[in-house]
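K.L.:
upload.csv (CSV, C-alpha atoms and all ligand atoms) pasted underneath:
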```csv
chain,number,residue,atom,x,y,z
V,1359,PRO,CA,-13.3,-23.7,-12.7
V,1360,VAL,CA,-11.4,-20.7,-11.5
V,1361,PHE,CA,-8.3,-21.4,-13.7
V,1362,ASP,CA,-7.9,-22.7,-17.2
V,1363,THR,CA,-4.4,-24.2,-16.6
V,1364,LEU,CA,-2.9,-24.6,-13.1
V,1365,LEU,CA,0.6,-25.9,-12.7
V,1366,LEU,CA,1.6,-28.1,-9.8
V,1367,THR,CA,5.4,-28.6,-9.3
V,1368,GLY,CA,6.6,-31.4,-7.0
V,1369,ALA,CA,3.5,-33.3,-8.1
V,1370,ALA,CA,5.1,-36.7,-7.4
V,1371,GLY,CA,5.9,-35.8,-3.8
V,1372,THR,CA,4.0,-36.4,-0.7
V,1373,LEU,CA,2.1,-33.2,-0.6
V,1374,GLY,CA,1.7,-33.0,-4.4
V,1375,ARG,CA,-0.1,-36.3,-4.4
V,1376,ALA,CA,-2.2,-35.2,-1.4
V,1377,LEU,CA,-3.2,-31.9,-3.0
V,1378,ALA,CA,-3.9,-32.9,-6.6
V,1379,PRO,CA,-7.6,-33.9,-6.1
V,1380,SER,CA,-8.6,-30.6,-4.5
V,1381,LEU,CA,-6.7,-28.7,-7.2
V,1382,ARG,CA,-8.5,-30.5,-10.0
V,1383,ALA,CA,-11.7,-28.9,-8.7
V,1384,LEU,CA,-10.3,-25.4,-9.4
V,1385,CYS,CA,-9.1,-25.8,-13.0
V,1386,ARG,CA,-9.8,-27.2,-16.4
V,1387,THR,CA,-6.3,-28.5,-16.8
V,1388,LEU,CA,-4.0,-29.6,-14.0
V,1389,ARG,CA,-0.4,-29.6,-15.3
V,1390,LEU,CA,1.6,-32.0,-13.1
V,1391,SER,CA,5.4,-31.5,-13.1
V,1392,ASP,CA,8.3,-33.2,-11.2
V,1393,LEU,CA,11.7,-34.6,-12.1
V,1394,PRO,CA,11.5,-37.1,-15.0
V,1395,ALA,CA,12.4,-40.1,-12.8
V,1396,ALA,CA,9.8,-39.1,-10.2
V,1397,LEU,CA,7.1,-38.6,-12.8
V,1398,ALA,CA,7.7,-41.9,-14.6
V,1399,ALA,CA,4.3,-43.3,-13.8
V,1400,PRO,CA,2.2,-40.2,-13.0
V,1401,PRO,CA,-1.2,-40.7,-11.4
V,1402,LEU,CA,-3.1,-39.0,-14.2
V,1403,GLN,CA,-6.8,-38.2,-14.2
V,1404,PRO,CA,-8.8,-36.9,-17.2
V,1405,GLY,CA,-7.8,-33.3,-17.9
V,1406,ASP,CA,-4.3,-33.7,-16.4
V,1407,GLU,CA,-1.1,-33.1,-18.3
V,1408,ALA,CA,2.2,-34.6,-17.2
V,1409,ARG,CA,5.2,-32.4,-17.8
V,1410,PRO,CA,8.5,-33.8,-16.5
V,1411,ALA,CA,11.1,-31.1,-15.9
V,1412,ASP,CA,14.1,-30.3,-13.7
V,1413,LEU,CA,13.6,-26.9,-12.1
V,1414,ALA,CA,17.4,-26.5,-12.3
V,1415,ASP,CA,17.1,-26.5,-16.1
V,1416,ALA,CA,16.2,-22.9,-17.0
V,1417,SER,CA,15.7,-23.8,-20.6
V,1418,ALA,CA,12.8,-26.1,-19.7
V,1419,MET,CA,10.8,-23.5,-17.9
V,1420,ASP,CA,9.2,-21.5,-20.7
V,1421,ALA,CA,7.4,-24.6,-22.0
V,1422,LEU,CA,6.4,-25.6,-18.5
V,1423,LEU,CA,4.8,-22.2,-17.7
V,1424,HIS,CA,3.2,-21.6,-21.2
V,1425,GLY,CA,-0.5,-20.9,-20.8
V,1426,VAL,CA,-0.4,-21.2,-17.0
V,1427,GLN,CA,-2.5,-18.8,-14.9
V,1428,ALA,CA,-1.4,-19.9,-11.5
V,1429,VAL,CA,1.2,-22.2,-9.9
V,1430,VAL,CA,1.3,-24.3,-6.7
V,1431,HIS,CA,5.1,-24.6,-6.3
V,1432,LEU,CA,6.0,-27.6,-4.2
V,1433,GLY,CA,9.0,-28.9,-6.2
V,1434,GLY,CA,12.5,-28.9,-4.6
V,1435,VAL,CA,14.6,-30.3,-1.9
V,1436,SER,CA,12.3,-30.6,1.1
V,1437,VAL,CA,14.7,-31.4,3.9
V,1438,GLU,CA,17.9,-30.0,5.4
V,1439,GLY,CA,21.0,-31.2,3.6
V,1440,PRO,CA,24.2,-30.2,1.8
V,1441,PHE,CA,24.1,-26.9,-0.2
V,1442,ALA,CA,24.6,-28.0,-3.8
V,1443,PRO,CA,21.3,-29.8,-4.3
V,1444,ILE,CA,19.5,-27.0,-2.4
V,1445,LEU,CA,21.2,-24.4,-4.6
V,1446,ALA,CA,20.1,-26.2,-7.8
V,1447,ALA,CA,16.5,-27.1,-6.9
V,1448,ASN,CA,15.4,-24.4,-4.4
V,1449,LEU,CA,17.5,-21.3,-5.2
V,1450,ALA,CA,18.1,-21.6,-9.0
V,1451,GLY,CA,14.9,-23.7,-9.5
V,1452,THR,CA,12.6,-21.2,-7.9
V,1453,THR,CA,14.3,-18.3,-9.7
V,1454,HIS,CA,13.8,-20.1,-13.0
V,1455,LEU,CA,10.2,-20.7,-12.2
V,1456,TYR,CA,9.5,-17.0,-11.4
V,1457,GLU,CA,11.3,-15.8,-14.4
V,1458,ALA,CA,9.3,-18.1,-16.7
V,1459,ALA,CA,6.1,-17.0,-14.9
V,1460,ARG,CA,6.9,-13.4,-15.7
V,1461,ARG,CA,7.5,-14.2,-19.4
V,1462,ALA,CA,4.3,-16.3,-19.5
V,1463,GLY,CA,2.0,-13.7,-17.8
V,1464,THR,CA,1.2,-16.0,-14.9
V,1465,ARG,CA,-0.9,-14.2,-12.3
V,1466,ARG,CA,-0.3,-16.0,-9.0
V,1467,ILE,CA,2.2,-18.4,-7.4
V,1468,VAL,CA,1.5,-20.3,-4.1
V,1469,PHE,CA,5.0,-21.1,-2.8
V,1470,ALA,CA,5.6,-23.9,-0.3
V,1471,SER,CA,7.8,-22.1,2.1
V,1472,SER,CA,8.6,-23.6,5.5
V,1473,ASN,CA,8.5,-23.1,9.2
V,1474,HIS,CA,12.2,-23.6,9.0
V,1475,VAL,CA,12.5,-20.0,7.9
V,1476,THR,CA,12.0,-19.3,11.6
V,1477,GLY,CA,13.2,-22.7,13.0
V,1478,GLY,CA,15.9,-21.0,15.1
V,1479,TYR,CA,13.3,-19.5,17.6
V,1480,PRO,CA,12.7,-21.3,20.9
V,1481,GLN,CA,9.8,-23.8,21.0
V,1482,GLY,CA,6.9,-22.1,22.8
V,1483,HIS,CA,7.9,-18.7,21.5
V,1484,SER,CA,4.9,-17.0,19.8
V,1485,LEU,CA,5.5,-15.8,16.3
V,1486,THR,CA,3.8,-13.9,13.5
V,1487,THR,CA,5.1,-13.4,10.0
V,1488,ALA,CA,6.2,-9.9,11.2
V,1489,CYS,CA,9.0,-11.4,13.3
V,1490,PRO,CA,12.5,-11.4,11.8
V,1491,PRO,CA,13.5,-14.7,10.0
V,1492,ARG,CA,15.8,-17.1,11.9
V,1493,PRO,CA,16.5,-20.0,9.5
V,1494,ASP,CA,17.8,-23.2,11.0
V,1495,GLY,CA,19.9,-24.4,8.0
V,1496,PHE,CA,20.5,-24.2,4.3
V,1497,TYR,CA,17.0,-25.5,3.6
V,1498,GLY,CA,15.3,-22.8,5.8
V,1499,ALA,CA,17.5,-20.1,4.2
V,1500,SER,CA,16.6,-21.3,0.7
V,1501,LYS,CA,12.9,-20.9,1.6
V,1502,LEU,CA,13.6,-17.4,2.9
V,1503,TYR,CA,15.2,-16.7,-0.5
V,1504,GLY,CA,12.0,-17.9,-2.2
V,1505,GLU,CA,10.0,-15.5,-0.1
V,1506,GLY,CA,12.4,-12.8,-1.3
V,1507,LEU,CA,11.7,-13.7,-4.9
V,1508,ALA,CA,8.0,-13.6,-4.2
V,1509,ALA,CA,8.3,-10.0,-2.8
V,1510,LEU,CA,10.5,-9.0,-5.8
V,1511,TYR,CA,8.1,-10.3,-8.5
V,1512,TRP,CA,5.1,-8.6,-6.8
V,1513,GLN,CA,6.9,-5.3,-6.4
V,1514,ARG,CA,8.4,-5.1,-9.9
V,1515,TYR,CA,6.1,-7.2,-12.0
V,1516,GLY,CA,2.8,-7.5,-10.2
V,1517,ILE,CA,2.8,-11.3,-9.9
V,1518,GLU,CA,1.0,-12.2,-6.8
V,1519,SER,CA,2.3,-14.8,-4.3
V,1520,VAL,CA,1.2,-16.5,-1.2
V,1521,CYS,CA,4.2,-18.0,0.7
V,1522,LEU,CA,3.0,-20.7,3.0
V,1523,ARG,CA,5.3,-21.5,5.9
V,1524,ILE,CA,4.1,-25.0,6.2
V,1525,GLY,CA,4.4,-26.7,9.6
V,1526,SER,CA,4.2,-30.6,9.7
V,1527,ALA,CA,1.8,-31.7,7.0
V,1528,THR,CA,1.1,-35.4,7.6
V,1529,PRO,CA,-2.1,-37.5,7.9
V,1530,GLU,CA,-1.7,-37.5,11.7
V,1531,PRO,CA,0.7,-35.7,14.1
V,1532,THR,CA,3.7,-37.9,14.8
V,1533,ASP,CA,5.5,-36.5,17.9
V,1534,ALA,CA,5.3,-33.9,20.7
V,1535,ARG,CA,6.6,-31.1,18.4
V,1536,ALA,CA,3.8,-31.7,16.0
V,1537,LEU,CA,1.2,-31.0,18.7
V,1538,ALA,CA,2.2,-27.4,17.9
V,1539,THR,CA,3.2,-27.6,14.2
V,1540,TRP,CA,0.8,-30.1,12.6
V,1541,LEU,CA,-1.1,-29.1,9.5
V,1542,SER,CA,-3.7,-31.7,8.7
V,1543,LEU,CA,-4.1,-32.6,5.0
V,1544,ARG,CA,-7.6,-31.3,4.8
V,1545,ASP,CA,-6.5,-28.0,6.4
V,1546,LEU,CA,-3.6,-27.9,3.9
V,1547,ALA,CA,-6.0,-28.4,1.0
V,1548,GLN,CA,-8.2,-25.5,2.4
V,1549,LEU,CA,-5.2,-23.3,2.9
V,1550,VAL,CA,-3.9,-23.8,-0.6
V,1551,ARG,CA,-7.3,-23.2,-2.0
V,1552,CYS,CA,-7.6,-19.9,-0.1
V,1553,ALA,CA,-4.1,-18.9,-1.2
V,1554,LEU,CA,-5.1,-19.5,-4.9
V,1555,THR,CA,-8.4,-17.8,-4.8
V,1556,ALA,CA,-8.4,-15.0,-2.1
V,1557,PRO,CA,-8.6,-11.6,-3.8
V,1558,GLY,CA,-5.9,-9.0,-3.6
V,1559,VAL,CA,-3.2,-11.0,-1.8
V,1560,GLY,CA,-0.3,-9.1,-3.2
V,1561,CYS,CA,2.7,-10.8,-1.6
V,1562,THR,CA,1.5,-12.5,1.5
V,1563,VAL,CA,3.4,-14.7,3.9
V,1564,ALA,CA,1.4,-17.0,6.2
V,1565,TYR,CA,2.2,-19.8,8.6
V,1566,GLY,CA,0.4,-23.1,7.8
V,1567,CYS,CA,-0.8,-25.1,10.7
V,1568,SER,CA,-4.1,-26.5,12.0
V,1569,ALA,CA,-6.0,-25.0,14.9
V,1570,ASN,CA,-3.7,-26.6,17.3
V,1571,THR,CA,-4.2,-25.7,21.0
V,1572,ARG,CA,-0.4,-25.6,21.4
V,1573,ARG,CA,0.5,-23.8,18.2
V,1574,TRP,CA,3.4,-21.2,18.3
V,1575,TRP,CA,2.3,-19.3,15.2
V,1576,GLN,CA,-0.4,-16.7,15.9
V,1577,ASP,CA,-1.1,-15.6,12.4
V,1578,ASP,CA,-4.9,-15.1,12.8
V,1579,ALA,CA,-5.1,-11.8,11.0
V,1580,THR,CA,-3.4,-13.2,7.9
V,1581,TRP,CA,-5.5,-16.3,8.0
V,1582,ALA,CA,-8.6,-14.2,8.2
V,1583,ARG,CA,-7.5,-12.2,5.1
V,1584,LEU,CA,-7.0,-15.4,3.2
V,1585,GLY,CA,-10.3,-16.8,4.5
V,1586,TYR,CA,-8.5,-19.8,6.1
V,1587,ALA,CA,-10.4,-21.3,9.0
V,1588,PRO,CA,-8.6,-24.5,10.1
V,1589,GLN,CA,-10.8,-27.4,11.2
V,1590,ASP,CA,-8.4,-29.8,12.9
V,1591,ASN,CA,-6.4,-29.7,16.2
V,1592,ALA,CA,-3.5,-31.9,17.1
V,1593,GLU,CA,-4.6,-31.8,20.8
V,1594,ALA,CA,-6.6,-34.9,20.2
V,1595,TRP,CA,-3.3,-36.8,20.1
V,1596,ALA,CA,-1.7,-35.1,23.1
V,1597,ALA,CA,-2.0,-38.0,25.5
V,1598,GLN,CA,-0.2,-40.4,23.2
V,1599,LEU,CA,2.4,-37.9,21.8
V,1600,GLN,CA,3.4,-35.4,24.5
V,1601,ASP,CA,6.2,-37.7,25.8
V,1602,ARG,CA,7.5,-38.5,22.3
V,1603,LEU,CA,10.4,-36.0,22.4
V,1604,LEU,CA,13.4,-35.4,20.2
V,1605,PRO,CA,16.9,-35.8,21.7
V,1606,GLU,CA,17.9,-33.2,24.3
V,1607,GLY,CA,19.5,-30.0,22.9
V,1608,PRO,CA,18.7,-27.8,20.0
V,1609,GLN,CA,16.4,-30.4,18.4
V,1610,ARG,CA,14.2,-30.4,21.5
V,1611,GLU,CA,14.6,-26.7,22.3
V,1612,LEU,CA,14.2,-24.9,19.0
V,1613,GLN,CA,11.2,-24.7,16.6
V,1614,GLY,CA,13.0,-26.4,13.7
V,1615,GLY,CA,13.2,-29.7,15.7
V,1616,SER,CA,15.0,-32.6,14.0
V,1617,PHE,CA,16.5,-30.3,11.3
V,1618,LEU,CA,18.7,-28.8,14.0
V,1619,GLY,CA,20.3,-32.2,14.3
V,1620,ILE,CA,21.4,-32.3,10.6
V,1621,GLY,CA,24.7,-30.7,9.5
V,1622,PRO,CA,27.0,-28.8,9.5
V,1623,PHE,CA,28.3,-30.0,6.1
V,1624,ASP,CA,32.0,-29.7,5.4
V,1625,PRO,CA,33.1,-29.4,1.8
F,1,LIG,P1,8.7,-34.2,-1.2
F,1,LIG,O1,10.2,-34.2,-1.1
F,1,LIG,O2,7.9,-35.4,-1.0
F,1,LIG,O3,8.3,-33.6,-2.7
F,1,LIG,C1,9.1,-32.6,-3.3
F,1,LIG,C2,9.1,-33.0,-4.8
F,1,LIG,O4,10.0,-32.1,-5.5
F,1,LIG,C3,9.7,-34.4,-5.1
F,1,LIG,O5,8.7,-35.2,-5.8
F,1,LIG,C4,10.9,-34.2,-5.9
F,1,LIG,O6,11.1,-35.2,-6.9
F,1,LIG,C5,10.7,-32.8,-6.5
F,1,LIG,N1,11.9,-32.2,-6.9
F,1,LIG,C6,13.1,-32.1,-6.2
F,1,LIG,N2,14.0,-31.5,-6.9
F,1,LIG,C7,13.5,-31.1,-8.0
F,1,LIG,C8,14.0,-30.4,-9.2
F,1,LIG,N3,15.2,-30.0,-9.3
F,1,LIG,N4,13.1,-30.2,-10.2
F,1,LIG,C9,11.8,-30.7,-10.2
F,1,LIG,N5,11.3,-31.3,-9.1
F,1,LIG,C10,12.1,-31.5,-8.0
F,1,LIG,O7,8.2,-33.0,-0.2
F,1,LIG,P2,6.8,-32.7,0.3
F,1,LIG,O8,6.7,-33.2,1.7
F,1,LIG,O9,5.7,-33.2,-0.6
F,1,LIG,O10,6.8,-31.1,0.4
F,1,LIG,C11,6.3,-30.3,-0.7
F,1,LIG,C12,6.9,-28.9,-0.5
F,1,LIG,O11,6.4,-28.4,0.7
F,1,LIG,C13,8.4,-28.8,-0.5
F,1,LIG,O12,8.8,-27.6,-1.2
F,1,LIG,C14,8.7,-28.7,1.0
F,1,LIG,O13,9.9,-28.0,1.2
F,1,LIG,C15,7.5,-27.9,1.5
F,1,LIG,N6,7.2,-28.2,2.9
F,1,LIG,C16,6.7,-29.4,3.3
F,1,LIG,C17,6.4,-29.7,4.6
F,1,LIG,C18,5.8,-31.0,5.0
F,1,LIG,O14,5.3,-31.0,6.2
F,1,LIG,N7,5.7,-32.0,4.2
F,1,LIG,C19,6.7,-28.7,5.6
F,1,LIG,C20,7.3,-27.5,5.1
F,1,LIG,C21,7.5,-27.3,3.8
```
Show the structure stored in the file as structure tokens.

P.N.:
Amino acid sequence: PVFDTLLLTGAAGTLGRALAPSLRALCRTLRLSDLPAALAAPPLQPGDEARPADLADASAMDALLHGVQAVVHLGGVSVEGPFAPILAANLAGTTHLYEAARRAGTRRIVFASSNHVTGGYPQGHSLTTACPPRPDGFYGASKLYGEGLAALYWQRYGIESVCLRIGSATPEPTDARALATWLSLRDLAQLVRCALTAPGVGCTVAYGCSANTRRWWQDDATWARLGYAPQDNAEAWAAQLQDRLLPEGPQRELQGGSFLGIGPFDP
């Protein structure tokens, strides 16, 4: 195994469950963490540890990171919504995680960022990670903050990060937008493996999608540096999905899709 102990936050979530099997192959111990209620009946395999914790609780983080060489950080609010829960889980939570990682001597963090960091660009507009951010809501802005933390902890403390701006990670693409944004679950597993094991990543930001014919994110140089070679292409679903459009307006026009239809939130 590459790692002795690997921590997976958000382990009870959709992607946590999908990724756990491929992560077990990389470590002796996979430490699964999520909110206590979510982790009530964890799907444990031999070698796993279950460590319920609220990322918003700074005092729980040192025990969570103790002995951890690398983290796959998926935990947090995963959709657009009001600010308070995003503040607690994504802004404070990710800060607490990085601080504890610094104290624990953790070497690398793979951070689940999001395409919503640039969700305000028009659909069809080609992007690389060199383009200025254009978050489409509190959620996207919170992921941009996480990318900022990743840069900070690399620059000051030498903790490596790969921030993955995940597109639409689902078993199959589900609508016309996903013909561009889909990330198959096997490509997700490969991308996370590359992000954990590629040498000398420093602080790298990469979009995460499959080899979709219609993809907007042209991140090939970063993908090559990570060793990521996607195997799937949403185009196989084009005939059945290209007319499955979101409502007219920003949701249909901008890359963030349905999240543009959520909010604003008044106090
Ligand atoms: P999910 O919502 O299914 O899983 C997130 C997990 O985080 C949940 O199990 C939840 O209980 C946990 N969590 C929430 N607040 C927490 C807190 N305060 N402390 C500890 N755990 C907490 O989301 P999913 O789809 O599995 O996504 C995983 C990550 O990837 C998220 O960070 C999400 O923002 C990101 N992402 C996912 C995409 C997708 O296509 N599924 C696209 C872009 C980003």

K.L.:
Around ligand LIG 1 (chain F), at most 9 Å away and counting only C-alpha atoms and all ligand atoms, which residues are there? Put them as a PyMOL selection string, please.

P.N.:
chain V and resi 1367-1376+1391-1397+1410-1415+1431-1437+1443-1444+1446-1448+1450-1451+1469-1474+1497-1498+1501+1522-1528+1539-1541+1566

K.L.:
So how far away is CA of Ile1620 (chain V) from CA of Cys1521 (chain V), in Å?

P.N.:
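Calculated distance between CA of Cys1521 (chain V) and CA of Ile1620 (chain V) is 24.5 Å.
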
K.L.:
Pick out the closest residue to Pro1401 (chain V) from this set: V:Ala1378, V:Leu1507, V:Ala1556, V:Cys1567. Count all atoms listed in the file.

P.N.:
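The shortest atom-to-atom distance to Pro1401 (chain V) comes from V:Ala1378.
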
K.L.:
So, counting all atoms listed in the file, which residue among V:Met1419, V:Ser1500, V:Tyr1479, V:Asp1590 is closest to Leu1445 (chain V)?

P.N.:
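Result for the nearest residue to Leu1445 (chain V): V:Ser1500.
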
K.L.:
Could you check how far CA of Asp1362 (chain V) sits from CA of Trp1512 (chain V), in Å to one decimal?

P.N.:
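Between CA of Asp1362 (chain V) and CA of Trp1512 (chain V) the gap is 21.8 Å.
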
K.L.:
Grab the CA of Asp1494 (chain V) to CA of Leu1549 (chain V) distance for me, in Å with one decimal place.

P.N.:
24.4 Å

K.L.:
Between V:Arg1409, V:Arg1386, V:Arg1460, V:His1483, which has the minimum distance to Gln1576 (chain V) (counting only C-alpha atoms)?

P.N.:
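Closest to Gln1576 (chain V), using only C-alpha atoms: V:His1483.
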
K.L.:
Please return as a VMD selection string every residue within 12 Å of (-5.7, -18.5, -1.4), taking into account all atoms listed in the file and the file's own coordinates.

P.N.:
chain V and resid 1360 1381 1384 1428 to 1430 1466 to 1469 1518 to 1522 1546 to 1564 1566 1580 to 1587

K.L.:
Neighbours of region 1529-1537 of chain V within 12 Å (all atoms listed in the file; same-chain residues fewer than 4 positions away dropped), as a VMD selection string?

P.N.:
chain V and resid 1372 to 1373 1376 1473 1477 1480 to 1482 1524 to 1525 1541 to 1546 1567 to 1574 1590 to 1605 1609 to 1616

K.L.:
Just write the chosen residues, C-alpha atoms, as a PDB file, in the frame of the given file.

P.N.:
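Once everything was written out, this is part-v7.pdb:
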```pdb
ATOM      1  CA  THR V1372       4.000 -36.400  -0.700  1.00  0.00           C
ATOM      2  CA  LEU V1373       2.100 -33.200  -0.600  1.00  0.00           C
ATOM      3  CA  ALA V1376      -2.200 -35.200  -1.400  1.00  0.00           C
ATOM      4  CA  ASN V1473       8.500 -23.100   9.200  1.00  0.00           C
ATOM      5  CA  GLY V1477      13.200 -22.700  13.000  1.00  0.00           C
ATOM      6  CA  PRO V1480      12.700 -21.300  20.900  1.00  0.00           C
ATOM      7  CA  GLN V1481       9.800 -23.800  21.000  1.00  0.00           C
ATOM      8  CA  GLY V1482       6.900 -22.100  22.800  1.00  0.00           C
ATOM      9  CA  ILE V1524       4.100 -25.000   6.200  1.00  0.00           C
ATOM     10  CA  GLY V1525       4.400 -26.700   9.600  1.00  0.00           C
ATOM     11  CA  LEU V1541      -1.100 -29.100   9.500  1.00  0.00           C
ATOM     12  CA  SER V1542      -3.700 -31.700   8.700  1.00  0.00           C
ATOM     13  CA  LEU V1543      -4.100 -32.600   5.000  1.00  0.00           C
ATOM     14  CA  ARG V1544      -7.600 -31.300   4.800  1.00  0.00           C
ATOM     15  CA  ASP V1545      -6.500 -28.000   6.400  1.00  0.00           C
ATOM     16  CA  LEU V1546      -3.600 -27.900   3.900  1.00  0.00           C
ATOM     17  CA  CYS V1567      -0.800 -25.100  10.700  1.00  0.00           C
ATOM     18  CA  SER V1568      -4.100 -26.500  12.000  1.00  0.00           C
ATOM     19  CA  ALA V1569      -6.000 -25.000  14.900  1.00  0.00           C
ATOM     20  CA  ASN V1570      -3.700 -26.600  17.300  1.00  0.00           C
ATOM     21  CA  THR V1571      -4.200 -25.700  21.000  1.00  0.00           C
ATOM     22  CA  ARG V1572      -0.400 -25.600  21.400  1.00  0.00           C
ATOM     23  CA  ARG V1573       0.500 -23.800  18.200  1.00  0.00           C
ATOM     24  CA  TRP V1574       3.400 -21.200  18.300  1.00  0.00           C
ATOM     25  CA  ASP V1590      -8.400 -29.800  12.900  1.00  0.00           C
ATOM     26  CA  ASN V1591      -6.400 -29.700  16.200  1.00  0.00           C
ATOM     27  CA  ALA V1592      -3.500 -31.900  17.100  1.00  0.00           C
ATOM     28  CA  GLU V1593      -4.600 -31.800  20.800  1.00  0.00           C
ATOM     29  CA  ALA V1594      -6.600 -34.900  20.200  1.00  0.00           C
ATOM     30  CA  TRP V1595      -3.300 -36.800  20.100  1.00  0.00           C
ATOM     31  CA  ALA V1596      -1.700 -35.100  23.100  1.00  0.00           C
ATOM     32  CA  ALA V1597      -2.000 -38.000  25.500  1.00  0.00           C
ATOM     33  CA  GLN V1598      -0.200 -40.400  23.200  1.00  0.00           C
ATOM     34  CA  LEU V1599       2.400 -37.900  21.800  1.00  0.00           C
ATOM     35  CA  GLN V1600       3.400 -35.400  24.500  1.00  0.00           C
ATOM     36  CA  ASP V1601       6.200 -37.700  25.800  1.00  0.00           C
ATOM     37  CA  ARG V1602       7.500 -38.500  22.300  1.00  0.00           C
ATOM     38  CA  LEU V1603      10.400 -36.000  22.400  1.00  0.00           C
ATOM     39  CA  LEU V1604      13.400 -35.400  20.200  1.00  0.00           C
ATOM     40  CA  PRO V1605      16.900 -35.800  21.700  1.00  0.00           C
ATOM     41  CA  GLN V1609      16.400 -30.400  18.400  1.00  0.00           C
ATOM     42  CA  ARG V1610      14.200 -30.400  21.500  1.00  0.00           C
ATOM     43  CA  GLU V1611      14.600 -26.700  22.300  1.00  0.00           C
ATOM     44  CA  LEU V1612      14.200 -24.900  19.000  1.00  0.00           C
ATOM     45  CA  GLN V1613      11.200 -24.700  16.600  1.00  0.00           C
ATOM     46  CA  GLY V1614      13.000 -26.400  13.700  1.00  0.00           C
ATOM     47  CA  GLY V1615      13.200 -29.700  15.700  1.00  0.00           C
ATOM     48  CA  SER V1616      15.000 -32.600  14.000  1.00  0.00           C
TER      49      SER V1616
END
```

K.L.:
Supply region 1486-1498 of chain V as a tab-separated table (two decimals), keeping the file's coordinate frame, with N, CA, C and O atoms built in where the input has gaps.

P.N.:
```tsv
chain	number	residue	atom	x	y	z
V	1486	THR	N	4.59	-14.26	14.68
V	1486	THR	CA	3.80	-13.90	13.50
V	1486	THR	C	4.76	-13.74	12.36
V	1486	THR	O	5.98	-13.71	12.57
V	1487	THR	N	4.24	-13.55	11.16
V	1487	THR	CA	5.10	-13.40	10.00
V	1487	THR	C	5.82	-12.00	10.05
V	1487	THR	O	6.68	-11.72	9.22
V	1488	ALA	N	5.47	-11.14	11.03
V	1488	ALA	CA	6.20	-9.90	11.20
V	1488	ALA	C	7.51	-10.05	11.92
V	1488	ALA	O	8.35	-9.15	11.92
V	1489	CYS	N	7.73	-11.20	12.54
V	1489	CYS	CA	9.00	-11.40	13.30
V	1489	CYS	C	10.14	-11.65	12.31
V	1489	CYS	O	9.95	-12.25	11.25
V	1490	PRO	N	11.35	-11.19	12.66
V	1490	PRO	CA	12.50	-11.40	11.80
V	1490	PRO	C	12.76	-12.89	11.55
V	1490	PRO	O	12.61	-13.69	12.48
V	1491	PRO	N	13.17	-13.25	10.32
V	1491	PRO	CA	13.50	-14.70	10.00
V	1491	PRO	C	14.64	-15.14	10.91
V	1491	PRO	O	15.49	-14.35	11.34
V	1492	ARG	N	14.67	-16.44	11.16
V	1492	ARG	CA	15.80	-17.10	11.90
V	1492	ARG	C	15.92	-18.48	11.33
V	1492	ARG	O	15.56	-19.45	12.01
V	1493	PRO	N	16.41	-18.62	10.08
V	1493	PRO	CA	16.50	-20.00	9.50
V	1493	PRO	C	17.35	-20.90	10.27
V	1493	PRO	O	18.30	-20.46	10.92
V	1494	ASP	N	17.02	-22.19	10.18
V	1494	ASP	CA	17.80	-23.20	11.00
V	1494	ASP	C	18.73	-23.99	10.13
V	1494	ASP	O	19.32	-24.95	10.62
V	1495	GLY	N	18.92	-23.63	8.85
V	1495	GLY	CA	19.90	-24.40	8.00
V	1495	GLY	C	19.80	-23.87	6.58
V	1495	GLY	O	19.14	-22.88	6.29
V	1496	PHE	N	20.53	-24.56	5.68
V	1496	PHE	CA	20.50	-24.20	4.30
V	1496	PHE	C	19.09	-24.24	3.70
V	1496	PHE	O	18.68	-23.40	2.90
V	1497	TYR	N	18.35	-25.30	4.11
V	1497	TYR	CA	17.00	-25.50	3.60
V	1497	TYR	C	16.11	-24.28	4.00
V	1497	TYR	O	15.45	-23.68	3.14
V	1498	GLY	N	16.13	-23.94	5.29
V	1498	GLY	CA	15.30	-22.80	5.80
V	1498	GLY	C	15.73	-21.51	5.08
V	1498	GLY	O	14.90	-20.69	4.70
```
